[in-house]
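For reference, structure.txt is printed below; it contains compact mmCIF, C-alpha atoms.
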# COMPACT_ATOMS: atom_id res chain seq x y z
CA MET P 1215 111.34 80.55 132.02
CA ASP P 1216 108.92 83.34 132.89
CA HIS P 1217 105.44 81.83 132.89
CA ALA P 1218 103.64 85.04 133.94
CA PHE P 1219 100.83 85.98 131.58
CA ARG P 1220 101.32 89.30 129.80
CA ALA P 1221 99.27 91.34 127.38
CA PRO P 1222 99.89 90.22 123.77
CA LYS P 1223 102.47 92.13 121.74
CA GLY P 1224 101.03 95.33 120.35
CA THR P 1225 98.44 95.64 123.12
CA ARG P 1226 98.54 97.07 126.63
CA ASP P 1227 96.44 97.56 129.73
CA ILE P 1228 95.16 101.09 130.30
CA LEU P 1229 94.86 101.66 134.04
CA TRP P 1230 93.63 104.64 136.04
CA PRO P 1231 94.33 107.58 135.75
CA ASP P 1232 95.07 107.03 132.04
CA SER P 1233 91.76 105.24 131.62
CA ALA P 1234 89.90 108.21 133.09
CA ARG P 1235 91.73 110.57 130.73
CA TRP P 1236 90.85 108.25 127.84
CA ARG P 1237 87.18 108.31 128.78
CA SER P 1238 87.27 112.10 129.18
CA LEU P 1239 88.69 112.48 125.68
CA VAL P 1240 85.81 110.46 124.23
CA ASP P 1241 83.35 112.54 126.28
CA VAL P 1242 84.80 115.77 124.90
CA PHE P 1243 84.60 114.40 121.37
CA ALA P 1244 81.00 113.30 121.87
CA ASP P 1245 80.10 116.76 123.17
CA VAL P 1246 81.70 118.51 120.19
CA VAL P 1247 80.12 116.38 117.46
CA SER P 1248 76.72 115.90 119.09
CA SER P 1249 76.39 119.70 119.15
CA ALA P 1250 76.34 119.44 115.34
CA GLY P 1251 73.65 116.75 115.22
CA TYR P 1252 75.84 113.66 115.01
CA LEU P 1253 74.44 110.55 116.71
CA GLU P 1254 76.47 107.63 118.02
CA VAL P 1255 76.67 104.33 116.15
CA ILE P 1256 78.32 101.23 117.66
CA PRO P 1257 79.25 98.75 114.91
CA PRO P 1258 80.44 95.20 115.65
CA MET P 1259 84.14 94.61 116.22
CA PHE P 1260 84.22 91.99 113.46
CA GLU P 1261 82.61 91.82 110.04
CA HIS P 1262 82.54 89.56 107.01
CA VAL P 1263 85.97 90.02 105.46
CA GLU P 1264 84.45 91.30 102.21
CA VAL P 1265 83.37 94.51 103.97
CA PHE P 1266 86.98 95.50 104.49
CA GLN P 1267 88.19 94.24 101.14
CA ARG P 1268 86.31 97.26 99.77
CA LEU P 1269 89.12 99.36 101.25
CA GLY P 1270 91.17 98.27 98.25
CA GLN P 1271 93.10 95.10 97.56
CA ALA P 1272 96.27 97.16 97.05
CA THR P 1273 96.21 98.70 100.52
CA ASP P 1274 98.47 97.38 103.28
CA VAL P 1275 95.45 97.14 105.57
CA VAL P 1276 93.87 94.51 103.33
CA ARG P 1277 97.03 92.82 102.03
CA LYS P 1278 98.91 92.19 105.26
CA GLU P 1279 97.44 93.89 108.34
CA MET P 1280 93.96 92.44 108.82
CA TYR P 1281 93.25 89.89 111.53
CA SER P 1282 91.10 87.51 109.48
CA PHE P 1283 89.98 83.99 110.25
CA GLU P 1284 87.36 81.36 109.50
CA ASP P 1285 84.75 81.06 112.22
CA ARG P 1286 83.09 77.83 113.33
CA GLY P 1287 80.39 78.28 110.74
CA GLY P 1288 82.92 78.42 107.93
CA ARG P 1289 82.50 82.17 107.38
CA GLN P 1290 85.50 84.38 106.61
CA ILE P 1291 85.57 87.02 109.35
CA ALA P 1292 87.92 89.93 110.06
CA LEU P 1293 88.41 92.08 113.13
CA ARG P 1294 87.76 95.62 111.98
CA PRO P 1295 90.95 97.45 110.96
CA GLU P 1296 88.98 100.72 110.73
CA GLN P 1297 85.38 101.78 111.20
CA THR P 1298 84.34 103.75 108.14
CA ALA P 1299 83.58 100.58 106.19
CA SER P 1300 81.60 99.19 109.14
CA VAL P 1301 79.56 102.38 109.52
CA VAL P 1302 78.82 102.52 105.81
CA ARG P 1303 77.86 98.83 105.86
CA ALA P 1304 75.44 99.68 108.69
CA PHE P 1305 74.02 102.47 106.55
CA ALA P 1306 73.57 100.09 103.62
CA GLU P 1307 71.87 97.53 105.85
CA HIS P 1308 69.53 99.80 107.81
CA ARG P 1309 68.96 102.61 105.30
CA PRO P 1310 68.47 105.51 107.74
CA VAL P 1311 67.10 108.78 106.43
CA VAL P 1312 69.75 110.98 104.85
CA PRO P 1313 71.59 113.09 105.68
CA TRP P 1314 72.81 110.50 108.20
CA LYS P 1315 75.34 112.02 110.57
CA ALA P 1316 77.03 109.41 112.78
CA TRP P 1317 79.92 109.36 115.22
CA TYR P 1318 81.80 106.44 116.74
CA ALA P 1319 84.51 105.57 119.23
CA GLY P 1320 86.25 102.29 119.88
CA PRO P 1321 89.04 99.84 119.10
CA ASN P 1322 90.36 98.65 115.76
CA PHE P 1323 92.87 95.90 115.04
CA ARG P 1324 95.82 95.74 112.64
CA TYR P 1325 98.76 93.38 112.57
CA GLU P 1326 101.65 95.82 112.17
CA ARG P 1327 104.94 96.63 113.83
CA ALA P 1328 104.22 97.84 117.35
CA GLN P 1329 105.92 101.10 118.38
CA LYS P 1330 105.24 104.19 120.46
CA GLY P 1331 101.85 105.57 119.50
CA ARG P 1332 101.09 102.59 117.25
CA TYR P 1333 99.46 99.43 118.60
CA ARG P 1334 97.85 96.34 117.13
CA GLN P 1335 94.73 97.22 119.08
CA PHE P 1336 94.18 100.95 118.82
CA ASP P 1337 91.26 103.27 119.41
CA GLN P 1338 89.83 105.95 117.17
CA VAL P 1339 87.04 108.48 117.34
CA GLY P 1340 85.41 109.63 114.14
CA VAL P 1341 82.38 110.85 112.22
CA GLU P 1342 80.71 109.89 108.95
CA VAL P 1343 78.09 111.81 106.95
CA LEU P 1344 76.11 109.92 104.30
CA GLY P 1345 73.87 111.67 101.79
CA PRO P 1346 74.98 115.20 100.90
CA GLU P 1347 77.45 115.94 98.12
CA ASP P 1348 77.68 119.56 99.27
CA ALA P 1349 81.26 120.78 99.70
CA HIS P 1350 80.19 122.60 102.84
CA VAL P 1351 79.61 119.22 104.51
CA ASP P 1352 83.29 118.47 103.91
CA ALA P 1353 84.15 121.78 105.58
CA GLU P 1354 81.85 121.05 108.54
CA VAL P 1355 83.48 117.66 109.09
CA ILE P 1356 86.99 119.12 108.98
CA ALA P 1357 86.02 122.00 111.27
CA LEU P 1358 84.54 119.61 113.86
CA ALA P 1359 87.86 117.80 114.16
CA TRP P 1360 89.61 121.16 114.47
CA ARG P 1361 87.22 122.30 117.23
CA PHE P 1362 87.82 119.03 119.06
CA TYR P 1363 91.57 119.61 119.08
CA GLU P 1364 90.93 123.15 120.29
CA ARG P 1365 88.77 121.86 123.15
CA LEU P 1366 91.60 119.59 124.26
CA GLY P 1367 93.88 122.61 124.42
CA LEU P 1368 96.12 121.61 121.51
CA ARG P 1369 97.71 124.57 119.71
CA ARG P 1370 100.37 122.90 117.57
CA VAL P 1371 98.18 120.83 115.27
CA THR P 1372 98.27 121.70 111.57
CA LEU P 1373 95.80 120.81 108.83
CA ALA P 1374 96.69 119.80 105.28
CA VAL P 1375 93.98 119.49 102.61
CA ASN P 1376 93.95 118.21 99.05
CA SER P 1377 91.57 116.93 96.42
CA LEU P 1378 91.88 113.57 94.67
CA GLY P 1379 89.22 114.66 92.18
CA SER P 1380 86.56 112.46 90.69
CA PRO P 1381 87.22 108.74 90.13
CA GLY P 1382 88.13 109.61 86.53
CA ASP P 1383 90.50 112.36 87.67
CA ARG P 1384 92.13 110.01 90.12
CA ALA P 1385 92.58 107.30 87.48
CA ARG P 1386 94.26 109.77 85.09
CA TYR P 1387 96.51 111.02 87.87
CA VAL P 1388 97.51 107.49 88.85
CA GLU P 1389 98.63 106.87 85.26
CA ALA P 1390 100.59 110.14 85.24
CA LEU P 1391 102.34 109.07 88.45
CA ARG P 1392 103.05 105.62 87.07
CA ALA P 1393 104.66 107.15 83.98
CA HIS P 1394 106.66 109.64 86.07
CA PHE P 1395 108.12 107.08 88.45
CA SER P 1396 108.59 104.38 85.81
CA ALA P 1397 110.73 106.74 83.74
CA ASP P 1398 113.38 106.68 86.48
CA LEU P 1399 112.62 103.37 88.12
CA ASP P 1400 116.20 102.62 89.13
CA SER P 1401 116.28 105.72 91.34
CA LEU P 1402 113.34 104.54 93.45
CA SER P 1403 113.86 102.55 96.61
CA GLU P 1404 113.06 98.86 96.38
CA GLU P 1405 110.05 99.34 98.67
CA SER P 1406 108.62 102.09 96.46
CA ARG P 1407 109.13 100.02 93.31
CA THR P 1408 106.96 97.35 94.93
CA THR P 1409 104.38 99.98 95.94
CA LEU P 1410 104.36 101.46 92.44
CA ALA P 1411 103.27 98.15 90.99
CA VAL P 1412 100.14 97.99 93.16
CA ASN P 1413 99.28 101.60 94.10
CA PRO P 1414 101.28 104.50 92.59
CA LEU P 1415 99.55 107.02 94.88
CA ARG P 1416 101.19 105.47 97.91
CA VAL P 1417 104.67 106.22 96.55
CA LEU P 1418 103.94 109.86 97.38
CA ASP P 1419 103.89 108.86 101.07
CA SER P 1420 107.49 107.62 100.99
CA ARG P 1421 109.88 109.40 103.33
CA ARG P 1422 112.88 107.38 102.21
CA GLU P 1423 115.86 109.47 101.19
CA ALA P 1424 116.22 107.62 97.89
CA ASP P 1425 112.71 108.67 96.86
CA THR P 1426 112.80 112.32 97.94
CA ALA P 1427 113.77 113.91 94.63
CA LEU P 1428 111.38 111.88 92.48
CA VAL P 1429 108.47 112.44 94.86
CA ALA P 1430 109.16 116.19 94.94
CA ALA P 1431 109.17 116.30 91.12
CA ALA P 1432 106.00 114.21 90.74
CA PRO P 1433 102.98 115.66 88.92
CA SER P 1434 100.47 117.52 91.10
CA MET P 1435 96.98 116.15 91.60
CA LEU P 1436 95.62 119.68 91.43
CA ASP P 1437 96.73 119.88 87.78
CA HIS P 1438 94.57 116.87 86.96
CA LEU P 1439 91.24 118.02 88.47
CA SER P 1440 88.11 118.30 86.37
CA ASP P 1441 86.22 121.61 86.49
CA ASP P 1442 83.59 120.16 88.84
CA ALA P 1443 86.20 118.74 91.24
CA GLU P 1444 88.16 121.99 91.21
CA ALA P 1445 85.00 123.98 92.02
CA HIS P 1446 84.11 121.56 94.83
CA PHE P 1447 87.57 121.91 96.37
CA GLY P 1448 87.39 125.69 96.09
CA ARG P 1449 84.13 125.74 98.07
CA VAL P 1450 85.73 123.57 100.76
CA THR P 1451 88.75 125.83 101.18
CA ASP P 1452 86.63 129.01 101.04
CA ALA P 1453 84.39 127.64 103.81
CA LEU P 1454 87.37 126.67 105.98
CA ALA P 1455 88.76 130.20 105.58
CA ALA P 1456 85.38 131.67 106.54
CA LEU P 1457 85.34 129.45 109.65
CA GLY P 1458 88.81 130.60 110.68
CA VAL P 1459 90.26 127.09 110.40
CA PRO P 1460 93.88 127.44 109.22
CA PHE P 1461 95.03 124.99 106.54
CA THR P 1462 97.67 124.33 103.92
CA VAL P 1463 96.87 122.93 100.50
CA SER P 1464 99.13 119.89 100.08
CA PRO P 1465 99.03 118.50 96.51
CA ARG P 1466 101.05 115.43 97.58
CA LEU P 1467 98.57 114.41 100.28
CA VAL P 1468 96.93 111.07 99.54
CA ARG P 1469 95.03 108.73 101.81
CA GLY P 1470 95.93 105.07 102.16
CA LEU P 1471 92.48 103.67 101.40
CA ASP P 1472 91.28 103.24 97.83
CA TYR P 1473 87.79 104.60 98.37
CA TYR P 1474 88.76 108.27 98.76
CA VAL P 1475 87.75 110.81 96.09
CA ARG P 1476 87.67 114.58 96.07
CA THR P 1477 88.44 116.12 99.46
CA THR P 1478 91.19 114.53 101.55
CA PHE P 1479 92.77 115.97 104.69
CA GLU P 1480 95.19 115.16 107.47
CA PHE P 1481 96.00 116.58 110.90
CA VAL P 1482 99.62 116.64 112.07
CA ALA P 1483 100.86 117.31 115.61
CA GLU P 1484 104.02 119.38 115.32
CA ALA P 1485 104.95 118.57 118.92
CA LEU P 1486 105.50 114.90 118.02
CA ASP P 1487 108.37 113.23 116.20
CA ALA P 1488 107.89 113.00 112.44
CA ALA P 1489 107.47 109.21 112.58
CA GLN P 1490 104.31 109.52 114.68
CA ASP P 1491 103.03 113.04 113.99
CA ALA P 1492 99.86 112.18 112.02
CA VAL P 1493 97.02 112.28 114.55
CA GLY P 1494 94.03 111.95 112.25
CA GLY P 1495 92.56 112.45 108.82
CA GLY P 1496 89.81 111.61 106.43
CA GLY P 1497 88.09 112.47 103.22
CA ARG P 1498 85.22 111.93 100.84
CA TYR P 1499 84.30 108.42 99.67
CA ASP P 1500 81.42 108.83 97.25
CA GLY P 1501 81.49 105.25 95.93
CA LEU P 1502 81.78 103.19 99.12
CA ALA P 1503 78.08 102.94 100.00
CA GLU P 1504 77.28 101.56 96.56
CA ASP P 1505 80.10 99.01 96.90
CA LEU P 1506 78.50 97.80 100.15
CA GLY P 1507 75.01 97.34 98.72
CA ALA P 1508 73.33 100.73 99.17
CA PRO P 1509 72.12 103.02 96.40
CA ALA P 1510 74.87 105.39 95.25
CA THR P 1511 75.26 107.72 98.25
CA PRO P 1512 77.99 110.34 98.78
CA GLY P 1513 79.90 110.15 102.05
CA VAL P 1514 82.59 112.00 103.96
CA GLY P 1515 84.22 111.51 107.35
CA PHE P 1516 87.34 111.31 109.45
CA ALA P 1517 89.04 109.14 112.05
CA LEU P 1518 91.30 110.51 114.80
CA GLY P 1519 93.76 108.35 116.70
CA VAL P 1520 93.25 108.40 120.46
CA ASP P 1521 96.80 107.29 121.34
CA ARG P 1522 98.49 109.81 119.06
CA THR P 1523 96.18 112.59 120.21
CA LEU P 1524 96.99 111.91 123.86
CA LEU P 1525 100.71 111.83 123.04
CA ALA P 1526 100.29 115.25 121.43
CA CYS P 1527 98.52 116.46 124.59
CA ASP P 1528 101.46 115.18 126.65
CA ALA P 1529 103.93 116.98 124.39
CA GLU P 1530 102.02 120.26 124.74
CA GLY P 1531 101.25 119.80 128.43
CA VAL P 1532 97.46 119.97 128.04
CA PHE P 1533 94.45 117.80 128.90
CA ASP P 1534 96.06 116.29 131.98
CA ALA P 1535 94.97 113.06 133.62
CA PRO P 1536 92.88 113.46 136.79
CA THR P 1537 94.75 113.51 140.08
CA SER P 1538 92.02 111.84 142.11
CA SER P 1539 89.18 109.42 141.55
CA ILE P 1540 87.16 110.57 144.58
CA ASP P 1541 86.14 113.76 146.38
CA VAL P 1542 85.58 112.53 149.93
CA PHE P 1543 87.11 109.73 152.03
CA VAL P 1544 85.13 108.44 155.00
CA VAL P 1545 87.06 107.49 158.15
CA ASP P 1546 85.01 105.48 160.66
CA THR P 1547 86.53 104.27 163.93
CA THR P 1548 83.25 102.97 165.36
CA GLY P 1549 83.33 99.59 163.61
CA GLY P 1550 82.47 100.60 160.05
CA GLU P 1551 78.67 100.51 160.20
CA ARG P 1552 78.36 104.30 160.08
CA ALA P 1553 80.67 104.41 157.01
CA VAL P 1554 78.22 102.17 155.13
CA VAL P 1555 75.52 104.84 155.36
CA LEU P 1556 77.79 107.90 155.08
CA THR P 1557 79.45 106.81 151.84
CA ASP P 1558 76.08 105.96 150.33
CA ASP P 1559 74.66 109.35 151.37
CA LEU P 1560 77.61 111.11 149.77
CA ARG P 1561 77.31 109.14 146.53
CA ARG P 1562 73.57 109.73 146.31
CA ALA P 1563 74.28 113.44 146.66
CA GLY P 1564 76.52 113.29 143.60
CA LEU P 1565 79.88 113.24 145.38
CA ARG P 1566 82.52 110.62 144.70
CA ALA P 1567 83.22 108.84 147.97
CA ASP P 1568 85.21 105.90 149.27
CA ARG P 1569 86.19 104.44 152.65
CA ALA P 1570 88.63 102.07 154.39
CA TRP P 1571 87.84 98.45 155.15
CA ASP P 1572 88.58 95.67 157.64
CA GLY P 1573 88.28 97.75 160.83
CA ARG P 1574 91.66 99.45 160.42
CA SER P 1575 93.01 101.94 162.96
CA MET P 1576 92.46 105.69 162.77
CA LYS P 1577 96.09 106.19 161.71
CA ALA P 1578 95.85 103.57 158.95
CA GLN P 1579 92.56 105.00 157.69
CA MET P 1580 93.99 108.53 157.53
CA LYS P 1581 96.95 107.24 155.54
CA ALA P 1582 94.49 105.60 153.15
CA ALA P 1583 92.60 108.90 152.90
CA ASP P 1584 95.80 110.75 151.97
CA ARG P 1585 96.72 108.14 149.37
CA SER P 1586 93.27 108.32 147.81
CA GLY P 1587 93.84 111.87 146.62
CA ALA P 1588 90.48 112.97 148.04
CA ALA P 1589 90.14 116.64 148.81
CA MET P 1590 88.11 116.12 151.99
CA ALA P 1591 87.75 113.54 154.75
CA VAL P 1592 84.63 112.86 156.79
CA ILE P 1593 85.60 111.39 160.19
CA VAL P 1594 83.27 109.73 162.65
CA GLY P 1595 84.31 108.37 166.05
CA GLU P 1596 82.35 107.34 169.14
CA ASP P 1597 81.76 110.96 170.23
CA GLU P 1598 80.50 112.01 166.80
CA LEU P 1599 78.32 108.91 166.55
CA ALA P 1600 76.66 109.74 169.88
CA ALA P 1601 76.19 113.43 168.99
CA GLY P 1602 74.93 112.93 165.42
CA THR P 1603 77.88 114.84 163.97
CA VAL P 1604 80.96 114.26 161.80
CA VAL P 1605 84.34 115.94 161.49
CA VAL P 1606 85.03 117.46 158.06
CA ARG P 1607 88.77 117.76 157.41
CA ASP P 1608 90.57 119.46 154.53
CA LEU P 1609 93.14 117.02 153.09
CA ARG P 1610 94.65 119.32 150.48
CA GLY P 1611 94.87 122.77 152.01
CA ASP P 1612 95.81 123.73 155.54
CA GLY P 1613 94.40 120.57 157.10
CA GLY P 1614 91.76 122.55 158.96
CA GLN P 1615 88.70 120.77 160.26
CA GLU P 1616 85.33 121.44 161.82
CA THR P 1617 82.64 119.41 163.52
CA VAL P 1618 79.30 119.66 161.71
CA ALA P 1619 75.81 118.21 162.09
CA LEU P 1620 74.96 115.33 159.79
CA ASP P 1621 72.13 117.24 158.12
CA SER P 1622 74.53 120.02 157.04
CA MET P 1623 77.44 117.75 155.99
CA ILE P 1624 76.54 117.59 152.29
CA ASP P 1625 76.11 121.37 151.89
CA ILE P 1626 79.40 122.08 153.67
CA LEU P 1627 81.30 119.55 151.55
CA ARG P 1628 79.84 120.95 148.33
CA ALA P 1629 80.86 124.46 149.33
CA ARG P 1630 84.42 123.36 150.13
CA LEU P 1631 84.78 121.31 146.95
CA ARG P 1632 83.90 124.15 144.60
Just give me the structure as structure tokens.
Amino acid sequence: MDHAFRAPKGTRDILWPDSARWRSLVDVFADVVSSAGYLEVIPPMFEHVEVFQRLGQATDVVRKEMYSFEDRGGRQIALRPEQTASVVRAFAEHRPVVPWKAWYAGPNFRYERAQKGRYRQFDQVGVEVLGPEDAHVDAEVIALAWRFYERLGLRRVTLAVNSLGSPGDRARYVEALRAHFSADLDSLSEESRTTLAVNPLRVLDSRREADTALVAAAPSMLDHLSDDAEAHFGRVTDALAALGVPFTVSPRLVRGLDYYVRTTFEFVAEALDAAQDAVGGGGRYDGLAEDLGAPATPGVGFALGVDRTLLACDAEGVFDAPTSSIDVFVVDTTGGERAVVLTDDLRRAGLRADRAWDGRSMKAQMKAADRSGAAMAVIVGEDELAAGTVVVRDLRGDGGQETVALDSMIDILRARLR
């Protein structure tokens, strides 16, 4: 029997250079959204289970995917399966001034079948705006996600938008769907018959062959919009067109969480297989804040999957992982004391520097320098130590080197590393 400890099913270790790429993606996202006035919020990784029950008792997330448990104080707790509910709970608790524009990044947890691009611990980045009902806020949120994908270099991401109307519109549409599918119940797959009983909207998500014809013939949400909801959606799409953000209106697009009303949207990476091509999405949730104890406050936001987004980057050959973690490798054959000071000097000057350990030979240290991926080596032997100099060697180009004074080392390295 193999007794070696391994990461639990549905999780994995993210090692360098993937971890550096991961961090860079979050940094890019933070730069894009902070330029629009969004400020970071870091909610707890677990909440009282009731916070997430507001997602809708008919949703898979609540019914069978949440990691929930009773803590030692007898409280029912759940690891967060998503972060919108947590962010809105934070808004309800702290009551910041509106409009409150927040962004987040971090892990969520769902017990579901693990597969490529889908894990039981998975990270998302996202934004939430609480306060305005203005349709142009919806457009700003969607455009920020689009600009983020652009910054990563992705060119094969498409955007679908829809409106679920007001709560009344949505309720009427749900009944129209229920009547449509119930009229030909025997033609639906067994899974969709079960879904129909708890959430008719989710039947529209079915990709099963047995359901294709009935889903295609289903009533359109856009035919059930009130005048106000239709006008709101028109302002969203007009603003997206003005911003040059390409989109397709998709009347079958629904979101899996019960709190969505009006604008809904989804981003799809065409470079990925259909089973894993959704890389993010969101929508408006005007009733969620009130459900979590705040005054009635409109809200809109999105969440983007980090794993799926990086898979899309791989498929398009963009946003590569770094090739090296350091700029300069220090080789010291005088006993190592000089390397202590040299590496610290380099780091204080803003360069990434490392060194060999345990008094290894010149040959062994140079091998370590090559393996490190550093662009430059700084070498000090007995002669250099006595003369107050170092040898600066190019590790990536022609291997050329020069002996330089210590007081000019930093400037020369900076010039070569440009």
Using all atoms listed in the file, find each residue of range 1313-1338 of chain P with at least one atom at most 10 Å away from an atom of range 1226-1244 of chain P; report its shortest atom-to-atom pair and that distance in Å (one decimal), sort the rows by chain and rising residue number, and return the result as CSV.
residue,atom,partner,partner_atom,distance
P:Trp1317,CA,P:Ala1244,CA,7.8
P:Tyr1318,CA,P:Ala1244,CA,8.6
P:Ala1319,CA,P:Val1240,CA,7.1
P:Gly1320,CA,P:Val1240,CA,9.3
P:Tyr1333,CA,P:Arg1226,CA,8.4
P:Arg1334,CA,P:Arg1226,CA,9.6
P:Gln1335,CA,P:Arg1226,CA,8.5
P:Phe1336,CA,P:Arg1226,CA,9.7
P:Asp1337,CA,P:Trp1236,CA,9.8
P:Gln1338,CA,P:Val1240,CA,9.3
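Between CA of Asp1383 in chain P and CA of Val1475 in chain P lies a distance of 9.0 Å.
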Checklist outcome for this item: Computed gap from CA of Thr1523 in chain P to CA of Pro1257 in chain P is 22.5 Å
Next on the checklist: Counting only C-alpha atoms, find residues at most 6 Å from (94.3, 89.7, 106.8) (file frame) and give them as a list in words.
Outcome noted: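 The residues that fall inside the cut-off are Val1276, Lys1278, Glu1279, Met1280, Tyr1281 and Ser1282 of chain P.
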Item to check | P:Arg1630, P:Ala1299, P:Val1341, P:Val1604 ranked by distance to Tyr1252 in chain P, top pick (using all atoms listed in the file) | outcome: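 Answer, going by the shortest atom-to-atom distance: P:Val1341.
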